[in-house]
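Student: Once you've had a glance at the structure underneath, I'll fire off some questions.
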Amino acid sequence: MKDDQQQDTIDDHRQPARLRAVYDDIAAHFSETRAYPWPEVETFLDSVSGGAVGLDLGCGNGRHTELLDTVVKRAVGCDVSRGLLHEAMTKMTENNWEGQLLHGNAATLPLDADTVDVGVYVATLHHLPDKETRVESLRELSRVLSASGRALVSAWSTAHDRFNADADAKTGFETTVDWTLPGGETVPRFYYIYTPTEFERDLEASGLAVDDSFVSSGNCYATVRATANRQ
Amino acid sequence: MDEDLMDILCCPLDKHELELDVDERDDEEILTGTLTCTECGEVYPIEDGIPNMLPPDMREEAPA
């Protein structure tokens with residue numbers, strides 16, 4: 001049965017419109033399982049000195065936008081799935097926090113340059129369809145970060161237990177990972193699984209300056225700044 | 001969306017300024033309207049208080 005559902009090729013799954021439709025479909029259930037912020041994000045937000053604008057890129061149901069709202073004046077959550085943005089809007093009302101939500105694409109950000117003081121870009125980069133788009137998205141993050149702005153970026157890593165991958169390999173791999181809905185239906189989602197080396201290489205290729213990088217809970221993480229010498 | 005978000009919003013394609021047209025608002029909150037790029041003329045709709053800033057080629061309904 002599973003094979004029948006997965007006749008689509010990886011090229012079908014990598015289409016941004018496909019990924020968006022998948023998250024729109026699973027939004028309600030996905031959101032239920034995303035109640036708490038990640039400790040890595042909490043640690044990062046504890047380390048920043050705040051600012052005027054915070055951006056949660058790939059905000060999903062807004063669990064990190066809510067936290068971001070406690071350290072910046074204006075927290076902006078951006079996601080490609082309108083279904084997830086509606087989940088975020090509901091949570092905002094329930095939990096009484098204030099953020100601005102944007103329906104947008106991580107590789108073409110609708111924000112002015114030098115405006116973001118604190119960025120959170122976690123568990124999203126790995127959904128972008130190809131290397132060029134992923135690096136472009138990181139370049140966009142660099143563009144919108146203010147001179148003193150800092151961001152936390154994460155992506156799923158080959159070091160994760162679920163993959164039988166060589167974490168020391170030069171490049172990662174493309175795959176689909178199933179989301180299982182309560183009724184048992186599985187929905188494949190496109191992922192690019194990064195090796196820590198390639199993750200850093202893509203960050204550097206984008207022009208971001210990497211302050212720190214580490215692997216935690218099967219994810220590659222980096223804290224980054226916009227480069228000082230950009231045009 | 002709050003109107004003061006206009007301070008930092010731009011066209012996702014060419015990064016130029018946007019012009020806001022409000023159809024429906026609730027105090028400071030804009031519920032429906034449009035954002036039009038002052039350079040390329042692309043129109044981005046605001047629906048349910050959330051601006052749709054996806055580039056036009058990503059806006060079409062996807063195959064489920």
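Each chain in the structure tokens gets a letter, A, B, ..., in the order shown, and its residues are numbered from 1; ligands are numbered from 1 in order too.
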Please identify all polymer residues within 10 Å of Val187 in chain A, counting only C-alpha atoms, omitting same-chain residues fewer than 2 positions from it, and present them as a tab-separated table (two decimals) with N, CA, C and O atoms, in the first residue's frame.

Tutor:
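What landed in around-v2.tsv:
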```tsv
chain	number	residue	atom	x	y	z
A	2	LYS	N	1.88	1.20	0.83
A	2	LYS	CA	2.77	2.34	0.94
A	2	LYS	C	3.45	2.62	-0.41
A	2	LYS	O	3.58	3.76	-0.82
A	5	GLN	N	1.39	4.58	-2.78
A	5	GLN	CA	1.28	6.00	-2.49
A	5	GLN	C	2.56	6.74	-2.85
A	5	GLN	O	2.58	7.95	-2.92
A	6	GLN	N	3.63	6.00	-3.03
A	6	GLN	CA	4.91	6.67	-3.20
A	6	GLN	C	5.50	6.48	-4.59
A	6	GLN	O	6.70	6.38	-4.75
A	22	VAL	N	1.55	19.76	1.21
A	22	VAL	CA	1.71	18.75	2.26
A	22	VAL	C	1.52	19.38	3.63
A	22	VAL	O	0.75	18.88	4.47
A	23	TYR	N	2.18	20.52	3.87
A	23	TYR	CA	2.06	21.15	5.18
A	23	TYR	C	0.67	21.73	5.41
A	23	TYR	O	0.17	21.75	6.54
A	25	ASP	N	-1.98	20.31	4.32
A	25	ASP	CA	-2.78	19.12	4.63
A	25	ASP	C	-2.59	18.63	6.07
A	25	ASP	O	-3.53	18.22	6.73
A	26	ILE	N	-1.35	18.66	6.54
A	26	ILE	CA	-1.06	18.06	7.85
A	26	ILE	C	-1.03	19.13	8.96
A	26	ILE	O	-0.74	18.81	10.11
A	176	THR	N	12.72	11.42	1.19
A	176	THR	CA	11.42	11.84	1.72
A	176	THR	C	11.25	11.18	3.08
A	176	THR	O	11.71	10.06	3.30
A	177	VAL	N	10.62	11.90	3.97
A	177	VAL	CA	10.35	11.39	5.32
A	177	VAL	C	8.84	11.48	5.52
A	177	VAL	O	8.25	12.54	5.34
A	178	ASP	N	8.26	10.37	5.89
A	178	ASP	CA	6.80	10.31	6.03
A	178	ASP	C	6.31	11.02	7.28
A	178	ASP	O	6.91	10.90	8.35
A	179	TRP	N	5.22	11.73	7.11
A	179	TRP	CA	4.44	12.20	8.27
A	179	TRP	C	3.24	11.27	8.38
A	179	TRP	O	2.56	11.01	7.40
A	180	THR	N	3.00	10.72	9.57
A	180	THR	CA	1.88	9.80	9.76
A	180	THR	C	0.73	10.51	10.44
A	180	THR	O	0.86	10.98	11.58
A	181	LEU	N	-0.38	10.59	9.74
A	181	LEU	CA	-1.58	11.22	10.30
A	181	LEU	C	-2.28	10.26	11.26
A	181	LEU	O	-2.05	9.05	11.21
A	184	GLY	N	-3.50	6.93	10.20
A	184	GLY	CA	-2.52	6.00	9.68
A	184	GLY	C	-2.01	6.36	8.28
A	184	GLY	O	-1.05	5.78	7.79
A	185	GLU	N	-2.64	7.33	7.66
A	185	GLU	CA	-2.19	7.76	6.33
A	185	GLU	C	-0.81	8.41	6.45
A	185	GLU	O	-0.54	9.17	7.37
A	189	ARG	N	7.36	13.91	2.89
A	189	ARG	CA	7.86	15.29	2.79
A	189	ARG	C	9.29	15.27	2.28
A	189	ARG	O	10.10	14.47	2.73
```

Student: Can you pull out the residues contacting range 3-13 of chain B? Cut-off 9 Å, using only C-alpha atoms, and skip same-chain residues under 5 positions away; I want them as an mmCIF file with C-alpha atoms, in the first residue's frame.

Tutor:
```
data_model
loop_
_atom_site.group_PDB
_atom_site.id
_atom_site.type_symbol
_atom_site.label_atom_id
_atom_site.label_comp_id
_atom_site.auth_asym_id
_atom_site.auth_seq_id
_atom_site.Cartn_x
_atom_site.Cartn_y
_atom_site.Cartn_z
ATOM 1 C CA ARG A 74 8.199 43.040 16.887
ATOM 2 C CA GLN A 100 3.115 39.530 12.624
ATOM 3 C CA GLY A 104 6.295 33.856 2.167
ATOM 4 C CA ASN A 105 9.075 31.872 0.600
ATOM 5 C CA ALA A 107 14.414 32.078 -0.769
ATOM 6 C CA THR A 108 12.679 35.357 -1.711
ATOM 7 C CA LEU A 109 12.122 37.262 1.525
ATOM 8 C CA PRO A 110 9.702 40.203 1.454
ATOM 9 C CA LEU A 111 11.731 42.193 4.013
ATOM 10 C CA ASP A 112 14.035 45.182 3.611
ATOM 11 C CA ALA A 113 17.790 44.794 4.022
ATOM 12 C CA THR A 115 16.102 45.123 9.385
ATOM 13 C CA LEU B 18 5.061 48.444 -1.620
ATOM 14 C CA GLU B 19 1.929 50.525 -1.737
ATOM 15 C CA LEU B 20 -0.819 49.518 0.679
ATOM 16 C CA GLU B 28 -4.711 49.067 13.475
ATOM 17 C CA GLU B 29 -5.085 45.543 12.113
ATOM 18 C CA ILE B 30 -5.470 45.229 8.334
ATOM 19 C CA LEU B 35 0.236 45.425 -1.460
ATOM 20 C CA THR B 36 1.444 46.615 -4.857
ATOM 21 C CA CYS B 37 5.095 46.886 -5.798
ATOM 22 C CA THR B 38 5.907 50.469 -6.783
ATOM 23 C CA GLU B 39 8.532 49.174 -9.213
ATOM 24 C CA CYS B 40 7.281 45.999 -10.932
ATOM 25 C CA GLU B 42 3.116 42.911 -8.834
ATOM 26 C CA TYR B 44 0.234 40.804 -3.232
ATOM 27 C CA MET B 53 4.073 37.537 -0.186
ATOM 28 C CA LEU B 54 4.793 34.363 -2.142
ATOM 29 C CA PRO B 55 6.323 35.064 -5.538
#
```

Student: Leaving out Ile50 in chain B and any residue of its chain fewer than 4 positions from it, which residues lie within 10 Å of it when counting only C-alpha atoms, given as an mmCIF file with N, CA and C atoms, in the first residue's frame?

Tutor:
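Contents of the output file around37.cif:
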```cif
data_model
loop_
_atom_site.group_PDB
_atom_site.id
_atom_site.type_symbol
_atom_site.label_atom_id
_atom_site.label_comp_id
_atom_site.auth_asym_id
_atom_site.auth_seq_id
_atom_site.Cartn_x
_atom_site.Cartn_y
_atom_site.Cartn_z
ATOM 1 N N CYS A 78 7.256 33.846 9.433
ATOM 2 C CA CYS A 78 7.055 33.679 7.989
ATOM 3 C C CYS A 78 7.022 32.188 7.670
ATOM 4 N N ARG A 82 0.014 28.310 4.440
ATOM 5 C CA ARG A 82 -1.046 29.124 5.032
ATOM 6 C C ARG A 82 -1.776 28.346 6.126
ATOM 7 N N LEU A 85 0.180 28.875 9.154
ATOM 8 C CA LEU A 85 0.034 30.256 9.632
ATOM 9 C C LEU A 85 -1.296 30.445 10.370
ATOM 10 N N HIS A 86 -2.324 29.738 9.913
ATOM 11 C CA HIS A 86 -3.602 29.816 10.626
ATOM 12 C C HIS A 86 -3.489 29.153 12.004
ATOM 13 N N MET A 89 -1.836 31.716 14.128
ATOM 14 C CA MET A 89 -2.752 32.791 14.496
ATOM 15 C C MET A 89 -3.653 32.355 15.656
ATOM 16 N N GLN A 100 3.605 39.243 13.970
ATOM 17 C CA GLN A 100 3.115 39.530 12.624
ATOM 18 C C GLN A 100 3.388 38.309 11.776
ATOM 19 N N LEU A 101 2.384 37.863 11.027
ATOM 20 C CA LEU A 101 2.576 36.658 10.222
ATOM 21 C C LEU A 101 2.643 37.002 8.740
ATOM 22 N N LEU A 102 3.566 36.351 8.061
ATOM 23 C CA LEU A 102 3.753 36.554 6.626
ATOM 24 C C LEU A 102 3.699 35.215 5.912
ATOM 25 N N HIS A 103 2.966 35.189 4.803
ATOM 26 C CA HIS A 103 2.962 34.004 3.948
ATOM 27 C C HIS A 103 4.062 34.244 2.921
ATOM 28 N N MET B 1 -2.490 41.990 9.615
ATOM 29 C CA MET B 1 -1.182 42.612 9.801
ATOM 30 C C MET B 1 -1.328 44.035 10.333
ATOM 31 N N ASP B 2 -0.354 44.453 11.119
ATOM 32 C CA ASP B 2 -0.322 45.835 11.599
ATOM 33 C C ASP B 2 0.218 46.729 10.495
ATOM 34 N N ILE B 30 -4.925 45.280 9.690
ATOM 35 C CA ILE B 30 -5.470 45.229 8.334
ATOM 36 C C ILE B 30 -5.862 43.791 8.022
ATOM 37 N N LEU B 31 -7.143 43.595 7.692
ATOM 38 C CA LEU B 31 -7.649 42.235 7.488
ATOM 39 C C LEU B 31 -7.586 41.828 6.018
ATOM 40 N N THR B 32 -8.058 42.706 5.145
ATOM 41 C CA THR B 32 -7.941 42.420 3.712
ATOM 42 C C THR B 32 -7.492 43.676 2.983
ATOM 43 N N GLY B 33 -6.809 43.452 1.878
ATOM 44 C CA GLY B 33 -6.298 44.558 1.086
ATOM 45 C C GLY B 33 -5.271 44.047 0.104
ATOM 46 N N PRO B 45 -1.875 39.981 -2.307
ATOM 47 C CA PRO B 45 -3.110 40.142 -1.534
ATOM 48 C C PRO B 45 -2.905 39.947 -0.033
ATOM 49 N N ILE B 46 -3.646 40.696 0.759
ATOM 50 C CA ILE B 46 -3.700 40.455 2.213
ATOM 51 C C ILE B 46 -5.030 39.758 2.471
#
```

Student: A:Val135, A:Ala28, A:Ala75, A:Ala159: which is nearest chain B, counting only C-alpha atoms?

Tutor: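 The answer is A:Ala75, which sits nearest to chain B.
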
Student: Identify, on the basis of only C-alpha atoms, every residue whose closest approach to Asp24 in chain A does not exceed 6 Å; exclude the query and any residue fewer than 3 positions from it along the same chain; express the result as a compact mmCIF listing (two decimals) with N, CA and C atoms, in the first residue's frame.

Tutor:
```
# COMPACT_ATOMS: atom_id res chain seq x y z
N ALA A 21 1.62 22.20 -0.11
CA ALA A 21 0.35 21.48 -0.03
C ALA A 21 0.40 20.43 1.08
N ALA A 27 -1.32 20.39 8.61
CA ALA A 27 -1.10 21.52 9.53
C ALA A 27 -1.66 21.29 10.94
N SER A 81 3.37 27.74 4.31
CA SER A 81 2.08 27.06 4.44
C SER A 81 1.06 27.96 5.14
N GLY A 83 -1.87 27.03 5.95
CA GLY A 83 -2.48 26.20 6.98
C GLY A 83 -1.74 26.33 8.30
```

Student: Calculated over only C-alpha atoms, which of the candidates B:Asp27, B:Val22, B:Val43, B:Pro51 has the smallest distance to chain A?

Tutor: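 Under the stated criterion, the closest residue is B:Pro51.
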
Student: Would you mind reading off the distance between CA of Phe173 in chain A and CA of Cys59 in chain A, one decimal, in Å?

Tutor: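 Spanning CA of Phe173 in chain A to CA of Cys59 in chain A is a straight-line distance of 24.1 Å.
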
Student: Show which residues sit within 12 Å of Phe44 in chain A, as a VMD selection string. Count only C-alpha atoms, and ignore same-chain residues fewer than 4 positions away.

Tutor: chain A and resid 37 to 40 48 to 50 64 67 to 68 71 118 to 122 150 to 154 212 221 to 224

Student: Fewer than 6 positions away in the same chain doesn't count, so skip those; otherwise give me all residues within 10 Å of Phe163 in chain A, counting only C-alpha atoms, as a list in words.

Tutor: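 Surrounding residues, per the criterion: Ser157, Ile193 and Gly218 of chain A.
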
Student: Find the residues near Gly172 in chain A: any atom within 12 Å, counting only C-alpha atoms, skip ones fewer than 3 places away on the same chain, and give them as a ChimeraX atom specification.

Tutor: /A:126,130-131,155-160,163-169,175,191-199,201-202,220

Student: Taking N, CA and C atoms for each residue, export the selection above as a CSV table (one decimal), in the first residue's frame.

Tutor:
```
chain,number,residue,atom,x,y,z
A,126,HIS,N,16.2,22.5,5.2
A,126,HIS,CA,16.2,21.2,4.6
A,126,HIS,C,15.0,20.8,3.7
A,130,ASP,N,16.7,22.5,-3.8
A,130,ASP,CA,18.0,22.2,-4.3
A,130,ASP,C,19.0,23.2,-3.7
A,131,LYS,N,20.3,22.9,-4.0
A,131,LYS,CA,21.4,23.6,-3.3
A,131,LYS,C,21.3,25.1,-3.6
A,155,ALA,N,19.3,22.5,10.4
A,155,ALA,CA,18.8,21.6,9.4
A,155,ALA,C,19.1,20.2,9.9
A,156,TRP,N,18.2,19.3,9.4
A,156,TRP,CA,18.4,17.9,9.8
A,156,TRP,C,19.8,17.4,9.3
A,157,SER,N,20.4,16.6,10.1
A,157,SER,CA,21.8,16.2,9.9
A,157,SER,C,21.9,14.7,9.6
A,158,THR,N,22.9,14.3,8.8
A,158,THR,CA,23.2,12.9,8.7
A,158,THR,C,23.6,12.2,10.0
A,159,ALA,N,23.9,13.0,11.0
A,159,ALA,CA,24.2,12.5,12.3
A,159,ALA,C,23.0,11.9,13.0
A,160,HIS,N,21.8,12.2,12.5
A,160,HIS,CA,20.6,11.8,13.2
A,160,HIS,C,20.5,10.3,13.2
A,163,PHE,N,19.1,8.0,10.3
A,163,PHE,CA,19.7,7.7,9.0
A,163,PHE,C,21.0,6.9,9.2
A,164,ASN,N,21.1,5.9,8.3
A,164,ASN,CA,22.3,5.1,8.3
A,164,ASN,C,23.4,5.8,7.4
A,165,ALA,N,23.8,7.0,7.8
A,165,ALA,CA,24.6,7.8,6.9
A,165,ALA,C,26.0,8.0,7.6
A,166,ASP,N,26.9,8.2,6.7
A,166,ASP,CA,28.3,8.6,7.2
A,166,ASP,C,28.3,10.1,7.5
A,167,ALA,N,28.4,10.4,8.8
A,167,ALA,CA,28.4,11.8,9.2
A,167,ALA,C,29.6,12.6,8.7
A,168,ASP,N,30.6,11.8,8.3
A,168,ASP,CA,31.8,12.5,7.8
A,168,ASP,C,31.9,12.7,6.3
A,169,ALA,N,30.8,12.3,5.7
A,169,ALA,CA,30.8,12.4,4.2
A,169,ALA,C,30.8,13.9,3.8
A,175,THR,N,15.9,12.9,0.4
A,175,THR,CA,15.1,11.8,0.7
A,175,THR,C,13.7,12.3,1.0
A,191,TYR,N,13.1,16.2,2.0
A,191,TYR,CA,14.2,16.7,2.8
A,191,TYR,C,15.5,16.6,2.1
A,192,TYR,N,16.4,17.6,2.4
A,192,TYR,CA,17.8,17.4,2.1
A,192,TYR,C,18.5,17.2,3.4
A,193,ILE,N,19.1,16.1,3.6
A,193,ILE,CA,19.8,15.8,4.9
A,193,ILE,C,21.3,16.2,4.8
A,194,TYR,N,21.6,17.2,5.6
A,194,TYR,CA,23.0,17.8,5.5
A,194,TYR,C,24.0,17.0,6.3
A,195,THR,N,25.2,17.0,5.8
A,195,THR,CA,26.4,16.6,6.6
A,195,THR,C,26.8,17.9,7.3
A,196,PRO,N,27.4,17.8,8.5
A,196,PRO,CA,27.8,19.1,9.1
A,196,PRO,C,28.8,19.9,8.3
A,197,THR,N,29.7,19.2,7.5
A,197,THR,CA,30.6,19.9,6.7
A,197,THR,C,29.9,20.7,5.6
A,198,GLU,N,29.0,20.0,4.9
A,198,GLU,CA,28.3,20.7,3.8
A,198,GLU,C,27.4,21.9,4.3
A,199,PHE,N,26.8,21.7,5.5
A,199,PHE,CA,26.0,22.7,6.1
A,199,PHE,C,26.9,24.0,6.3
A,201,ARG,N,29.6,24.7,4.7
A,201,ARG,CA,30.0,25.2,3.4
A,201,ARG,C,28.9,26.0,2.8
A,202,ASP,N,27.7,25.6,2.9
A,202,ASP,CA,26.6,26.4,2.3
A,202,ASP,C,26.4,27.7,3.0
A,220,CYS,N,22.1,19.9,12.5
A,220,CYS,CA,23.2,20.8,12.3
A,220,CYS,C,22.7,22.2,12.8
```

Student: For CA of Val80 in chain A and CA of Arg25 in chain B, determine how far apart the two atoms are, in Å to one decimal place.

Tutor: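 Between CA of Val80 in chain A and CA of Arg25 in chain B the gap works out to 23.9 Å.
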